[in-house]
Amino acid sequence: MSDKQRTIHKSVSLKGTGLHTGKEVNITFKPAEENTGYIFRRIDLPEKPEIKALVDNVVETSRSTVLQQNGASVGTVEHLLSAVYAIGIDNIIIEIDNEEMPILDGSSQLYVKVLTEAGIQEQNAEREYFIIEKEISLIDDIKDSTIQAFPAEELSLNVMIDYNSTVLGNQYACLKSLSDYKTEIAPCKTFVFLKELEILLKNNQIKGGDLSNALVIVEKDFTQKEFNRIADLFHKEHHIYNGRGVINEKDMTFSNEPARHKLLDLLGDMALIGMPVKGKIIASKPGHFSNILFAKKIREEIKKQQKRNKIPKYNPNDTPIYDINDIKKILPHRPPLLLVDKVTELTENHVVGIKNVTMNEHFFVGHFPKEPVMPGVLIVEAMAQTGGVLVLNSVSDPENYLTYFLKIDKVKFKKKVVPGDTLIFKLELMSPIRRGIANMRAQAFVGDKLVTEGELMAQIVKKVNS
């Protein structure tokens, strides 16, 4: 999959019937600019209010996922969002003239077909992923559901369902790669138990539901007369029913279709996180309520990460806190191993330093002659020197102290640094300095891109001759 953001090439429309409202719905999908995300636009309402497809805007999960923002709402969004997410669309406008997305055939395959035919257009902006770096778990005791995320190089999903059903039994579904979604997941219809149908109808729901857009599961044998009554509820012709099981079994694509559809729903609800995810998702008995709790948990992690990764503002016209001559009075390093040119921010808890990388650096002679790349170890050294300025700022006479680094942990190199880049180092204390020991979170940026990060531990030591 490309690492560039994508939208659709041209506008495309379709229409259908809302599952719960039974109303006809017209939809137009439109290309969207970079970093737009997924936006629903209610063109039937004054001023055409927009609703961002984010988990923050979820207001209902009882029978489908419902979003609300700017005084407008849109429901049953999960099938569309599942398709959009799976085929790699990052930015799209969904214009709709009613309060609910159409149920279509109960799956997401028509959405996949229509959007694929519209063409997928690669954009210039890079796609940003939320990478699962440690286990994230949700245990929903109310719904007896568990959803876990583990580190992995790409997104995969494993779903297990158990409804204590003699017809369904325990079912398991797996999607190893989004490239398999179109054939393995998209055709899978939603399902409902017969015992739920009349309750839903009496509650003025599933007005647009029928045997063509949902698998109907029967837990016990019942008579042809009872089957005919159910057919009448959906205004369908009478057919011969041969016993317990799935009434419209001939419409099933897979024997474990219910589990696959639950995976489809989970992916649609995960689309509300706000960015694609890289990780392995394992879900036991998922449903919209649990899915949304899980998505909210992931989104909170993203917000925390974005806060940590907030890029320092650097304006070369501003007067620095310390220039190179000031830095030489604080740090013992000298060229060619003095790797901080100036300090632009300095408080008790954080520091921002700058390093202008030029082709004149001594290390480019051998690293590498035909493709110069700054060694990662020197980026870490530069971050450490910047951290040294922060640590020595805690004493009144920094010229009489040295900093020795005791530990370097969780270092990751995300992008290469080359001649012409300006490195921006940001170091923050992870805890107060105690007994001369400082623990710091270190980051290095080039422009708005994080290139290196890690955690550093340093000790302040008084010079022997001071």
# chains A, B, ... in the order shown; residues from 1 in each chain; ligands from 1
>>> select_by_dssp(residues="region 117-342 of chain A", states="strand (DSSP E)", output="count of residues only")
50
>>> residues_around(residues="region 347-358 of chain A", least_positions_apart="4", cutoff="10 Å", atoms="only C-alpha atoms", output="PyMOL selection string")
chain A and resi 312-314+316+320-323+338-343+362+364+374+379+382-383+385-391+393-394+417-433+440-445
>>> select_by_dssp(residues="region 25-232 of chain A", states="alpha helix (DSSP H)", output="PyMOL selection string")
chain A and resi 78-86+109-118+181-184+194-202+224-232
>>> closest_residue(among="A:Thr36, A:Gly279, A:Asn98, A:Phe368", to="Phe150 (chain A)", atoms="only C-alpha atoms")
A:Gly279
>>> closest_residue(among="A:Ile96, A:Val446, A:Leu337, A:Ile311", to="Lys48 (chain A)", atoms="only C-alpha atoms")
A:Ile96
>>> residues_around(residues="Ile282 (chain A)", least_positions_apart="2", cutoff="7 Å", atoms="only C-alpha atoms", output="PyMOL selection string")
chain A and resi 147-149+157-159+280+284
>>> closest_residue(among="A:Leu45, A:Val192, A:Ala72, A:Leu110", to="Val218 (chain A)", atoms="only C-alpha atoms")
A:Val192
>>> closest_residue(among="A:Leu263, A:Leu168, A:Ile281, A:Ile43", to="Glu154 (chain A)", atoms="only C-alpha atoms")
A:Ile281
>>> residues_around(residues="Ser13 (chain A)", least_positions_apart="3", cutoff="12 Å", atoms="only C-alpha atoms", output="JSON, numbers by chain")
{"A": [10, 16, 25, 26, 27, 28, 29, 30, 93, 94, 95, 96, 97, 110, 111, 113, 114, 115, 117, 118]}
